Amino acid sequence: MARKKLKTSSKPAALPFEQPIEDVRNRLKELESLAGKTAHDLTEEIAFYQERLTTLTQEVYGGLTAWNRVQVARHPNRPLTTDFIQYLFTDFVELHGDGLYGDDPAMVTGFATLEGRRLLLVAQRKGRDVKERLRCHFGSSHPEGYRKALSKMRLAERLQLPIVCLINTPGAYPGVGAEERGQARAIAENIHEMFGIQVPIVVVVIGEGGSGGALGIAIGDRVGMMENAWYSVISPEGCASILWHSADGKEEAAEALKLTANPMHDLGLVDQVIPEPVGGAHAHPKEAMRAVADQIDLWLTELEKLPLDALLEARYQKFRTIASAGSLVTSP
Amino acid sequence: MAWRLGRKKKDMPGGLWSKCSSCGTMIYTKELVANQNICTSCGFHHTLNAQRRMEITADPGTFQEYFADLAPQDRLQFVDSIPYSEKIEKAQKKTGNADACLTGLCEVKGHAVAIAIIDFSFMGGSMGEVVGEKITRTVELAQEKGLPVFIFSASGGARMHEGAISLMQMAKTCAVLQRFRKNGGFSVSIMTNPTTGGVTASFASVCDIMIGEPQALIGFAGPRVIQNTIRQDLPEGFQRSEFLLEKGQLDMIVSREEMRDRLSLLLDYAAAGKK
């Protein structure tokens with residue numbers, strides 16, 4: 001399939017814990033540029049630093065804390081919805097508006113094609129540059145976004161197209177207008193109605209899965225998380241500010257909330273952790289997006305074989321049982 | 001999310017005298033209790049614990065408790081100032097209940113109903129696995145018995161200490177209500193002060209009828225969070241029942257004194273078409 005070139009951010013931004021990697025990378029660049037200008041043979045030294053870069057990246061990424069992963073999930077170069085649309089999907093036809101009040105730029109919906117399969121894409125948009133980020137409220141949807149998503153999902157149902165939801169939001173927008181127009185109700189209705197949508201739904205958390213804002217489009221027959229994504233009832237900063245009245249405790253909060261992909265999978269709350277290349281999705285966006293595409297393809301192929309009754313019953317049972325183990329214990 | 005709310009932690013009523021947190025009037029506590037925790041001066045509907053709510057809602061002697069044996073577990077081993085497991089014990093000692101939800105069957109003016117009441121006095125009525133499970137089982141019970149369901153909410157939202165497990169309770173409770181509605185069930189959500197976060201954004205907002213108690217704070221994000229985001233003063237009466245009614249987000253506001261009559265009348269209408 002024809003692949004379009006990715007727009008990359010102008011500045012490669014290194015996260016604080018990535019600095020040692022960045023230092024080696026810079027040293028390597030220096031040597032490489034020097035190699036052409038000097039008579040000295042730098043081959044050995046370059047090879048040494050190349051090896052060092054690989055092992056160091058593996059070391060650093062092998063020991064990420066929960067908070068480090070939250071930082072990776074928010075990395076400015078991490079592939080966003082717009083990148084997925086540009087690189088992974090073809091024939092994209094955006095469908096705007098909730099038909100009631102407005103068109104939320106933080107929620108993108110439209111027809112898209114993946115590996116020849118026609119589908120409906122519902123995806124949260126954060127925006128890459130400052131202007132776009134402001135317009136999208138940094139990926140925080142208003143009620144219009146959730147209502148737009150639901151109305152397009154109903155269309156997909158009528159057309160018998162499967163639905164793919166990509167989650168990337170710090171949370172639903174906390175604002176006056178959002179409350180006036182029923183933010184809570186819009187999210188609740190989406191969750192409620194998605195249990196009845198009569199086509200397969202697959203969900204992937206590609207960055208941040210911020211609470212109800214994420215769950216409002218996350219009722220899927222399969223739910224996956226990219227390796228360095230987070231999904232939680234509250235952001236680490238929000239949790240820290242409630243518990244300790246300051247965002248300083250965000251690292252402890254991230255740890256305590258068990259919000260990263262592997263613990264979420266161990267708790268049985270997501271079906272699959274989609275591995276990212278060593279160094280994170282921001283270092284190798286195409287490979288990372290490809291892995292997501294392959295997983296979606298696999299899941300849809302599986303789900304399309306299920307009769308409708310079985311599909312809906314399994315979706316119901318999945319959410320009926322996933323978070324019910326602890327409460328089966330009786331009180332003393 | 002369990003947003004911290006502006007109101008003082010002190011549960012009404014306290015000692016011999018209670019101070020109304022809305023108008024500041026000192027009220028003789030016995031009088032306040034006799035008045036269903038409604039301020040005798042300004043009419044503010046103060047929070048009721050679940051047992052008391054049941055007493056003023058159900059016909060005397062009709063309540064049969066179900067699912068009382070469900071107790072919370074600290075599956076994440078969550079520690080903030082103290083471990084979550086200790087927090088649970090403290091709340092259990094304080095309230096005499098295993099978690100923040102009282103569920104079962106009762107009659108309201110002769111109508112049999114399934115009922116779930118969230119208890120704000122237990123960790124701010126926050127929804128973890130047990131609250132989610134009890135709401136879900138109550139709806140399933142209603143389904144099995146062919147009864148309508150009433151859900152009274154008073155909650156700061158999802159319980160942070162249970163992480164994404166509490167988030168998934170939103171999905172679970174909506175799933176069961178979706179099925180209940182599809183099978184012809186009738187549900188009423190009564191939102192009392194305060195109902196916010198993941199509770200408002202799940203079962204409390206997907207019932208057939210949505211009722212607010214007067215002046216109840218009802219919303220998704222807490223007022224402080226919104227203020228910190230937009231850095232502007234919030235409009236007068238923002239997120240109160242009257243404001244929500246005006247914005248089309250509630251079916252009606254019903255005072256505590258009229259609640260039983262109104263619920264009973266709604267049940268008459270819900271049953272009328274089926275005959």
# chains A, B, ... in the order shown; residues from 1 in each chain; ligands from 1

$ interface_residues --of "chain A" --to "chain B" --cutoff "7 Å" --atoms "only C-alpha atoms" --output "VMD selection string"
chain A and resid 174 to 175 179 to 180 182 to 185 187 to 189 191 to 192 195 211 to 212 232 to 234 242 to 243 256 to 258 316 319 to 320 323 to 324 326 to 331

$ residues_around --residues "Arg69 in chain A" --least-positions-apart "2" --cutoff "12 Å" --atoms "only C-alpha atoms" --output "PyMOL selection string"
chain A and resi 15+17-18+60-67+71-75+78+207-208+226-231+236+251+254-255+258-262+276+279-281

$ residues_around --residues "Ala216 in chain B" --least-positions-apart "6" --cutoff "7 Å" --atoms "only C-alpha atoms" --output "list of chain:residue names"
B:Thr192, B:Asn193, B:Pro194, B:Arg240, B:Ser241

$ write_last_selection --atoms "all heavy atoms" --output "short mmCIF file (atom, residue, chain, number, x, y, z; two decimals), in the first residue's frame"
data_model
loop_
_atom_site.label_atom_id
_atom_site.label_comp_id
_atom_site.auth_asym_id
_atom_site.auth_seq_id
_atom_site.Cartn_x
_atom_site.Cartn_y
_atom_site.Cartn_z
N THR B 192 -28.78 13.48 44.34
CA THR B 192 -28.83 14.33 45.52
C THR B 192 -27.48 14.98 45.72
O THR B 192 -26.51 14.62 45.06
CB THR B 192 -29.25 13.51 46.76
OG1 THR B 192 -28.15 12.71 47.20
CG2 THR B 192 -30.44 12.61 46.46
N ASN B 193 -27.43 15.93 46.64
CA ASN B 193 -26.19 16.69 46.83
C ASN B 193 -25.12 15.85 47.52
O ASN B 193 -25.37 15.33 48.58
CB ASN B 193 -26.50 17.91 47.70
CG ASN B 193 -25.31 18.84 47.79
OD1 ASN B 193 -24.81 19.30 46.78
ND2 ASN B 193 -24.84 19.09 48.99
N PRO B 194 -23.94 15.72 46.99
CA PRO B 194 -23.53 16.06 45.63
C PRO B 194 -23.44 14.82 44.76
O PRO B 194 -23.18 13.74 45.24
CB PRO B 194 -22.12 16.62 45.87
CG PRO B 194 -21.60 15.81 47.05
CD PRO B 194 -22.79 15.32 47.83
N ARG B 240 -25.98 23.51 39.94
CA ARG B 240 -27.03 23.17 40.90
C ARG B 240 -28.23 22.64 40.11
O ARG B 240 -28.39 22.95 38.92
CB ARG B 240 -27.43 24.40 41.72
CG ARG B 240 -26.30 24.95 42.58
CD ARG B 240 -26.07 24.09 43.81
NE ARG B 240 -24.77 24.37 44.43
CZ ARG B 240 -24.26 23.67 45.43
NH1 ARG B 240 -24.92 22.64 45.93
NH2 ARG B 240 -23.09 23.97 45.95
N SER B 241 -29.10 21.90 40.78
CA SER B 241 -30.26 21.27 40.11
C SER B 241 -31.05 22.26 39.26
O SER B 241 -31.43 21.95 38.13
CB SER B 241 -31.20 20.66 41.14
OG SER B 241 -30.64 19.52 41.70
#

$ closest_residue --among "A:Val273, A:Ile322, A:Val199, A:Ala186" --to "Leu155 in chain A" --atoms "only C-alpha atoms"
A:Val199

$ residues_around --residues "Arg158 in chain A" --least-positions-apart "6" --cutoff "10 Å" --atoms "only C-alpha atoms" --output "list in words"
Lys152, Ile197, Gln198 and Val199 of chain A

$ residues_around --residues "Thr82 in chain A" --least-positions-apart "2" --cutoff "12 Å" --atoms "only C-alpha atoms" --output "PyMOL selection string"
chain A and resi 6-8+78-80+84-89+92+94+105-109+121-129+132+139+166+168+206+289

$ decode --residues "range 87-192 of chain B" --atoms "C-alpha atoms" --output "compact mmCIF listing (two decimals), in the first residue's frame"
# COMPACT_ATOMS: atom_id res chain seq x y z
CA LYS B 87 -9.21 3.63 55.01
CA ILE B 88 -11.83 1.00 54.26
CA GLU B 89 -11.75 -0.27 57.85
CA LYS B 90 -12.13 3.24 59.23
CA ALA B 91 -15.10 3.95 56.99
CA GLN B 92 -16.65 0.60 57.90
CA LYS B 93 -16.30 1.38 61.63
CA LYS B 94 -17.70 4.86 61.17
CA THR B 95 -20.75 3.82 59.16
CA GLY B 96 -21.31 0.22 60.19
CA ASN B 97 -21.52 -0.67 56.49
CA ALA B 98 -19.20 -2.72 54.27
CA ASP B 99 -19.12 -0.08 51.52
CA ALA B 100 -20.92 2.96 50.16
CA CYS B 101 -24.11 1.39 48.81
CA LEU B 102 -27.28 -0.01 50.36
CA THR B 103 -29.34 -2.23 48.06
CA GLY B 104 -32.40 -4.43 48.08
CA LEU B 105 -36.13 -4.61 47.55
CA CYS B 106 -38.79 -2.46 49.17
CA GLU B 107 -42.21 -0.96 48.61
CA VAL B 108 -42.93 2.69 47.95
CA LYS B 109 -46.59 3.53 48.58
CA GLY B 110 -47.41 -0.09 47.88
CA HIS B 111 -45.31 -0.42 44.69
CA ALA B 112 -42.63 -3.10 44.86
CA VAL B 113 -39.28 -1.79 43.59
CA ALA B 114 -35.59 -2.64 43.54
CA ILE B 115 -33.58 0.14 45.15
CA ALA B 116 -29.95 1.21 45.45
CA ILE B 117 -28.79 4.09 47.64
CA ILE B 118 -25.28 5.46 47.59
CA ASP B 119 -24.00 6.43 51.02
CA PHE B 120 -22.05 9.68 50.97
CA SER B 121 -20.85 9.11 54.52
CA PHE B 122 -18.73 6.16 53.35
CA MET B 123 -15.65 7.64 51.61
CA GLY B 124 -17.70 10.35 49.94
CA GLY B 125 -19.99 7.82 48.30
CA SER B 126 -17.20 7.01 45.88
CA MET B 127 -17.74 4.16 43.43
CA GLY B 128 -15.33 1.27 43.54
CA GLU B 129 -15.85 -2.34 42.67
CA VAL B 130 -18.43 -2.99 45.41
CA VAL B 131 -20.63 0.03 44.65
CA GLY B 132 -20.53 -0.79 40.93
CA GLU B 133 -21.29 -4.44 41.59
CA LYS B 134 -24.18 -3.70 43.97
CA ILE B 135 -25.78 -1.26 41.53
CA THR B 136 -25.38 -3.85 38.78
CA ARG B 137 -26.83 -6.69 40.86
CA THR B 138 -29.74 -4.50 41.94
CA VAL B 139 -30.62 -3.84 38.30
CA GLU B 140 -30.28 -7.57 37.58
CA LEU B 141 -32.54 -8.28 40.55
CA ALA B 142 -35.10 -5.82 39.20
CA GLN B 143 -34.89 -7.57 35.84
CA GLU B 144 -35.36 -11.00 37.38
CA LYS B 145 -38.34 -9.91 39.49
CA GLY B 146 -39.87 -7.71 36.81
CA LEU B 147 -39.64 -4.61 39.00
CA PRO B 148 -38.69 -0.99 38.35
CA VAL B 149 -35.44 0.29 39.85
CA PHE B 150 -34.67 3.46 41.84
CA ILE B 151 -31.11 4.64 42.22
CA PHE B 152 -30.32 7.42 44.71
CA SER B 153 -26.89 8.97 44.19
CA ALA B 154 -24.69 11.08 46.45
CA SER B 155 -21.11 10.65 45.38
CA GLY B 156 -17.85 12.38 44.61
CA GLY B 157 -17.40 9.99 41.68
CA ALA B 158 -15.21 6.99 40.98
CA ARG B 159 -12.95 5.81 43.83
CA MET B 160 -9.37 6.70 42.94
CA HIS B 161 -7.93 4.09 45.27
CA GLU B 162 -9.20 1.38 42.96
CA GLY B 163 -7.68 2.93 39.84
CA ALA B 164 -9.07 1.75 36.52
CA ILE B 165 -11.07 -0.95 38.32
CA SER B 166 -13.35 1.85 39.53
CA LEU B 167 -13.40 3.36 36.03
CA MET B 168 -14.69 0.05 34.66
CA GLN B 169 -17.64 0.19 37.08
CA MET B 170 -18.96 2.97 34.86
CA ALA B 171 -18.96 0.54 31.94
CA LYS B 172 -20.47 -2.28 33.96
CA THR B 173 -23.36 -0.26 35.41
CA CYS B 174 -24.21 1.26 32.01
CA ALA B 175 -24.09 -2.19 30.42
CA VAL B 176 -26.64 -3.62 32.82
CA LEU B 177 -28.94 -0.60 32.48
CA GLN B 178 -28.75 -0.82 28.69
CA ARG B 179 -29.85 -4.45 28.88
CA PHE B 180 -32.54 -3.61 31.45
CA ARG B 181 -34.01 -0.93 29.22
CA LYS B 182 -33.90 -3.17 26.15
CA ASN B 183 -35.89 -5.74 28.11
CA GLY B 184 -38.54 -3.20 29.05
CA GLY B 185 -37.30 -2.21 32.50
CA PHE B 186 -38.09 1.19 34.02
CA SER B 187 -35.43 3.10 35.94
CA VAL B 188 -35.37 6.34 37.91
CA SER B 189 -32.21 8.16 38.94
CA ILE B 190 -32.45 10.53 41.88
CA MET B 191 -29.39 12.76 42.13
CA THR B 192 -28.83 14.33 45.52
